[in-house]
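A short write-up of the structure that comes next.
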Amino acid sequence: MATSTLRVPDHFEPFDIGLLGGPGEQVYRKARPEVDAMPWGTLDLSGFPEATIARARRVWTMAAFQEYRTGAACSLALQHLFRVQAPVDLIGVATRFPLDEIVHVELCGRLVAELGGAMELRHDPASLVPRLQPDMDPLLQCAEIIMRVFCVGEAVSIPILRASWQHAQIPLIRAILGRIVKDEAVHGQLGFWFLDWCGDAFDADERAYLEGAAHREISKLLQSWSRFERPAGQGDDTSAGGAPDPDDVPGAFGLSDASDDAGTLGWMPVDIYLPTAHKALDDAVLAPLLARGFDPRRHAPIPGH
Ligand SMILES: [Fe+2]
Ligand SMILES: [Fe+2]
């Protein structure tokens, strides 16, 4: 493959993590025994063309990295929830999320190993978590990260992941997606519980600021989906060895590929993916935001929504 896809700055680092092993791993395994219970070693790739397997290595390497970024973003959000003295039950629910995400990293990573190994992926460690404006009111700062990571990113990904799971045929991939869907169900609700707690505390300017933050995340989603709407071969494939948008918020990767229509290894055909994704935006993001008096469309129109 041409190396033109590797136009990344020198300070980018390869995404490459492993296990320490020993007593630390035993504690981790005890906390999440479902990882070892997956049907590892059952993947039969004999019926798949090389190109599809290569694509699967790329898609699942990206999935592992997105889960990793989401874990980091959940950790940052958690820190901000502590900072603003959020209710104990809200913080308590959120404490589980980084562990969930690191389990998802391992699930995706072990699947990649069974597919033949990870694709090289380099990223900017300084952009691992969303950037926030310094010197902002702590509650507004907390609300911004919750809005971006949970009310948009995590919320929209849940119906997409659920559809990916329903579409998956291969037992190992179905088991992995099923586990992720089960864990993520609560992740998509936390943002709205947060707004139920403190949404009324924001004045008109602050609400407009948060609607703008949501709108920017939604725009990134629409942009990423639009590359699937172009005819095959015209997509801007930046993920093979490249890096995602450094200001992107994780959680909404979905699993799809524009140039494949059948026999997938965990992603949906585009004609199922796109309507699922747009419906997820309506039902899982915009509707619950509107119900709480936040309308990102006040910031700017959202085409098709
Ligand atoms: Fe996850
Ligand atoms: Fe999540």
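By convention here, the chains of the structure tokens are called A, B, ... in the order presented, each chain's residues are numbered starting at 1, and ligands are numbered starting at 1 in the order presented.
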
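Around ligand 1, using only C-alpha atoms and all ligand atoms and a cut-off of 7 Å, the residues in contact are A:Glu67, A:Thr70, A:Asp100, A:Glu101, A:His104, A:Ile180, A:Glu184, A:Gly251.
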
Applying 9 Å and only C-alpha atoms, which residues near Gly116 of chain A remain after dropping the ones on its own chain fewer than 3 positions away? List them as a count of residues only. 6

Using only C-alpha atoms and all ligand atoms, determine which residues fall within 12 Å of ligand 2, then list them as a VMD selection string. chain A and resid 63 to 64 66 to 75 94 to 105 149 to 158 161 179 to 191 249 to 254

So that I can see what lies close to Leu286 of chain A, please list as a PyMOL selection string the residues with an atom at most 9 Å from it, counting only C-alpha atoms and leaving out residues fewer than 3 positions away in the same chain. chain A and resi 151-152+280-283+289-291+294-296+305

Ser164 of chain A proximity check over A:Leu265, A:Ala201, A:Met38, A:Leu45, using only C-alpha atoms: winner is A:Leu265

Nearby residues (only C-alpha atoms) at most 9 Å from Ala56 of chain A, same-chain spacing under 4 positions excluded, as number ranges by chain: A: 51-52, 60-61, 112, 115, 264-267

File dump, residues just selected, all heavy atoms, as a PDB file, in the first residue's frame:
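Result went into result16.pdb, see below:
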```
ATOM      1  N   ALA A  51      -9.073  -9.154   1.000  1.00  0.00           N
ATOM      2  CA  ALA A  51      -9.394  -7.719   1.130  1.00  0.00           C
ATOM      3  C   ALA A  51     -10.388  -7.481   2.267  1.00  0.00           C
ATOM      4  O   ALA A  51     -10.301  -6.475   2.979  1.00  0.00           O
ATOM      5  CB  ALA A  51      -9.962  -7.195  -0.184  1.00  0.00           C
ATOM      6  N   THR A  52     -11.320  -8.403   2.434  1.00  0.00           N
ATOM      7  CA  THR A  52     -12.312  -8.246   3.508  1.00  0.00           C
ATOM      8  C   THR A  52     -11.653  -8.426   4.868  1.00  0.00           C
ATOM      9  O   THR A  52     -11.954  -7.700   5.823  1.00  0.00           O
ATOM     10  CB  THR A  52     -13.458  -9.268   3.320  1.00  0.00           C
ATOM     11  OG1 THR A  52     -14.043  -9.061   2.040  1.00  0.00           O
ATOM     12  CG2 THR A  52     -14.527  -9.108   4.392  1.00  0.00           C
ATOM     13  N   TRP A  60     -11.612  -2.991  13.053  1.00  0.00           N
ATOM     14  CA  TRP A  60     -11.576  -3.365  14.464  1.00  0.00           C
ATOM     15  C   TRP A  60     -10.386  -2.733  15.194  1.00  0.00           C
ATOM     16  O   TRP A  60     -10.445  -2.543  16.416  1.00  0.00           O
ATOM     17  CB  TRP A  60     -11.612  -4.885  14.610  1.00  0.00           C
ATOM     18  CG  TRP A  60     -13.002  -5.412  14.365  1.00  0.00           C
ATOM     19  CD1 TRP A  60     -13.490  -5.935  13.199  1.00  0.00           C
ATOM     20  CD2 TRP A  60     -14.107  -5.398  15.287  1.00  0.00           C
ATOM     21  NE1 TRP A  60     -14.822  -6.258  13.346  1.00  0.00           N
ATOM     22  CE2 TRP A  60     -15.221  -5.954  14.614  1.00  0.00           C
ATOM     23  CE3 TRP A  60     -14.251  -4.992  16.608  1.00  0.00           C
ATOM     24  CZ2 TRP A  60     -16.469  -6.098  15.231  1.00  0.00           C
ATOM     25  CZ3 TRP A  60     -15.494  -5.141  17.223  1.00  0.00           C
ATOM     26  CH2 TRP A  60     -16.582  -5.682  16.539  1.00  0.00           C
ATOM     27  N   THR A  61      -9.312  -2.416  14.456  1.00  0.00           N
ATOM     28  CA  THR A  61      -8.234  -1.632  15.084  1.00  0.00           C
ATOM     29  C   THR A  61      -8.771  -0.250  15.444  1.00  0.00           C
ATOM     30  O   THR A  61      -8.547   0.263  16.547  1.00  0.00           O
ATOM     31  CB  THR A  61      -7.024  -1.486  14.134  1.00  0.00           C
ATOM     32  OG1 THR A  61      -6.521  -2.780  13.815  1.00  0.00           O
ATOM     33  CG2 THR A  61      -5.916  -0.659  14.776  1.00  0.00           C
ATOM     34  N   VAL A 112      -8.974  -8.366  16.809  1.00  0.00           N
ATOM     35  CA  VAL A 112      -7.992  -7.965  15.791  1.00  0.00           C
ATOM     36  C   VAL A 112      -6.865  -8.995  15.709  1.00  0.00           C
ATOM     37  O   VAL A 112      -6.429  -9.365  14.615  1.00  0.00           O
ATOM     38  CB  VAL A 112      -7.429  -6.561  16.101  1.00  0.00           C
ATOM     39  CG1 VAL A 112      -6.184  -6.291  15.284  1.00  0.00           C
ATOM     40  CG2 VAL A 112      -8.469  -5.491  15.820  1.00  0.00           C
ATOM     41  N   LEU A 115      -7.902 -11.825  13.793  1.00  0.00           N
ATOM     42  CA  LEU A 115      -8.033 -11.481  12.371  1.00  0.00           C
ATOM     43  C   LEU A 115      -6.669 -11.403  11.675  1.00  0.00           C
ATOM     44  O   LEU A 115      -6.605 -11.193  10.468  1.00  0.00           O
ATOM     45  CB  LEU A 115      -8.756 -10.135  12.222  1.00  0.00           C
ATOM     46  CG  LEU A 115     -10.254 -10.126  12.539  1.00  0.00           C
ATOM     47  CD1 LEU A 115     -10.745  -8.706  12.781  1.00  0.00           C
ATOM     48  CD2 LEU A 115     -11.053 -10.789  11.415  1.00  0.00           C
ATOM     49  N   THR A 264     -19.883  -9.457   5.880  1.00  0.00           N
ATOM     50  CA  THR A 264     -19.055  -8.569   6.677  1.00  0.00           C
ATOM     51  C   THR A 264     -18.548  -9.251   7.941  1.00  0.00           C
ATOM     52  O   THR A 264     -19.109 -10.226   8.414  1.00  0.00           O
ATOM     53  CB  THR A 264     -19.833  -7.312   7.079  1.00  0.00           C
ATOM     54  OG1 THR A 264     -20.917  -7.715   7.893  1.00  0.00           O
ATOM     55  CG2 THR A 264     -20.310  -6.576   5.864  1.00  0.00           C
ATOM     56  N   LEU A 265     -17.501  -8.674   8.468  1.00  0.00           N
ATOM     57  CA  LEU A 265     -16.922  -9.154   9.718  1.00  0.00           C
ATOM     58  C   LEU A 265     -17.195  -8.126  10.813  1.00  0.00           C
ATOM     59  O   LEU A 265     -16.294  -7.630  11.459  1.00  0.00           O
ATOM     60  CB  LEU A 265     -15.418  -9.393   9.534  1.00  0.00           C
ATOM     61  CG  LEU A 265     -15.083 -10.661   8.708  1.00  0.00           C
ATOM     62  CD1 LEU A 265     -13.673 -10.608   8.156  1.00  0.00           C
ATOM     63  CD2 LEU A 265     -15.272 -11.912   9.554  1.00  0.00           C
ATOM     64  N   GLY A 266     -18.457  -7.798  10.991  1.00  0.00           N
ATOM     65  CA  GLY A 266     -18.838  -6.959  12.112  1.00  0.00           C
ATOM     66  C   GLY A 266     -19.400  -5.607  11.743  1.00  0.00           C
ATOM     67  O   GLY A 266     -19.798  -4.858  12.613  1.00  0.00           O
ATOM     68  N   TRP A 267     -19.435  -5.283  10.477  1.00  0.00           N
ATOM     69  CA  TRP A 267     -20.003  -3.994  10.113  1.00  0.00           C
ATOM     70  C   TRP A 267     -21.271  -4.216   9.294  1.00  0.00           C
ATOM     71  O   TRP A 267     -21.516  -5.279   8.749  1.00  0.00           O
ATOM     72  CB  TRP A 267     -19.015  -3.133   9.333  1.00  0.00           C
ATOM     73  CG  TRP A 267     -18.412  -3.780   8.125  1.00  0.00           C
ATOM     74  CD1 TRP A 267     -18.937  -3.822   6.870  1.00  0.00           C
ATOM     75  CD2 TRP A 267     -17.158  -4.478   8.068  1.00  0.00           C
ATOM     76  NE1 TRP A 267     -18.102  -4.494   6.036  1.00  0.00           N
ATOM     77  CE2 TRP A 267     -16.997  -4.904   6.732  1.00  0.00           C
ATOM     78  CE3 TRP A 267     -16.156  -4.771   8.988  1.00  0.00           C
ATOM     79  CZ2 TRP A 267     -15.871  -5.619   6.306  1.00  0.00           C
ATOM     80  CZ3 TRP A 267     -15.043  -5.481   8.567  1.00  0.00           C
ATOM     81  CH2 TRP A 267     -14.906  -5.888   7.240  1.00  0.00           C
TER      82      TRP A 267
END
```

Members of segment 11-122 of chain A assigned helix (DSSP H, G or I) by DSSP, as JSON, numbers by chain: {"A": [23, 24, 25, 26, 27, 28, 29, 30, 31, 50, 51, 52, 53, 54, 55, 56, 57, 58, 59, 60, 61, 62, 63, 64, 65, 66, 67, 68, 69, 70, 71, 72, 73, 74, 75, 76, 77, 78, 79, 80, 81, 82, 83, 88, 89, 90, 91, 92, 93, 94, 95, 96, 97, 98, 99, 100, 101, 102, 103, 104, 105, 106, 107, 108, 109, 110, 111, 112, 113, 114]}

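Omitting His80 of chain A and its sequence neighbours fewer than 2 positions away, and counting only C-alpha atoms, the residues within 9 Å are Ser75, Leu76, Ala77, Leu78, Phe82, Arg83, Val84, Gln85, Ala86, Pro138, Leu139, Gln141, Cys142, Ala143 and Ile145 of chain A.
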
How close does each residue of segment 143-167 of chain A get to segment 268-271 of chain A, giving the shortest atom pair and distance in Å to one decimal for every residue with an atom at most 10 Å away, counting only C-alpha atoms, sorted by chain and residue number, as a Markdown table?
```
| residue | atom | partner | partner_atom | distance |
| --- | --- | --- | --- | --- |
| A:Ile160 | CA | A:Met268 | CA | 9.2 |
| A:Leu161 | CA | A:Met268 | CA | 9.7 |
| A:Ala163 | CA | A:Met268 | CA | 7.9 |
| A:Ser164 | CA | A:Met268 | CA | 5.9 |
| A:Trp165 | CA | A:Met268 | CA | 9.2 |
| A:Gln166 | CA | A:Met268 | CA | 9.6 |
| A:His167 | CA | A:Met268 | CA | 6.7 |
```

Just-selected residues, C-alpha atoms written as a PDB file, in the first residue's frame:
```pdb
ATOM      1  CA  ILE A 160     -25.984   1.817  15.727  1.00  0.00           C
ATOM      2  CA  LEU A 161     -24.132  -0.747  17.811  1.00  0.00           C
ATOM      3  CA  ALA A 163     -28.107  -2.857  14.834  1.00  0.00           C
ATOM      4  CA  SER A 164     -24.521  -4.024  14.190  1.00  0.00           C
ATOM      5  CA  TRP A 165     -25.020  -6.738  16.802  1.00  0.00           C
ATOM      6  CA  GLN A 166     -28.363  -7.795  15.301  1.00  0.00           C
ATOM      7  CA  HIS A 167     -26.747  -7.936  11.870  1.00  0.00           C
TER       8      HIS A 167
END
```

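Neighbouring residues of Phe202 of chain A at 10 Å or closer, counting only C-alpha atoms and skipping chain neighbours under 5 positions away, are Leu139, Leu140, Ala143, Arg207, Ala208, Tyr209 and Leu210 of chain A.
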
Would you output that residue set with C-alpha atoms, as a CSV table (one decimal), in the first residue's frame?
```
chain,number,residue,atom,x,y,z
A,139,LEU,CA,-20.6,23.4,35.9
A,140,LEU,CA,-20.7,24.7,32.3
A,143,ALA,CA,-21.9,20.2,31.0
A,207,ARG,CA,-27.8,27.0,26.9
A,208,ALA,CA,-26.9,28.5,23.6
A,209,TYR,CA,-23.3,27.6,24.2
A,210,LEU,CA,-24.2,24.0,25.0
```

Test item: residues at most 7 Å from Asp124 of chain A, only C-alpha atoms, excluding those fewer than 6 positions along its chain, as a compact mmCIF listing (two decimals) with C-alpha atoms, in the first residue's frame:
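Generated file (result-v8.txt):
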```
# COMPACT_ATOMS: atom_id res chain seq x y z
CA HIS A 11 4.89 13.56 17.63
CA PHE A 12 2.05 11.13 16.88
CA GLU A 13 2.47 7.83 18.70
```
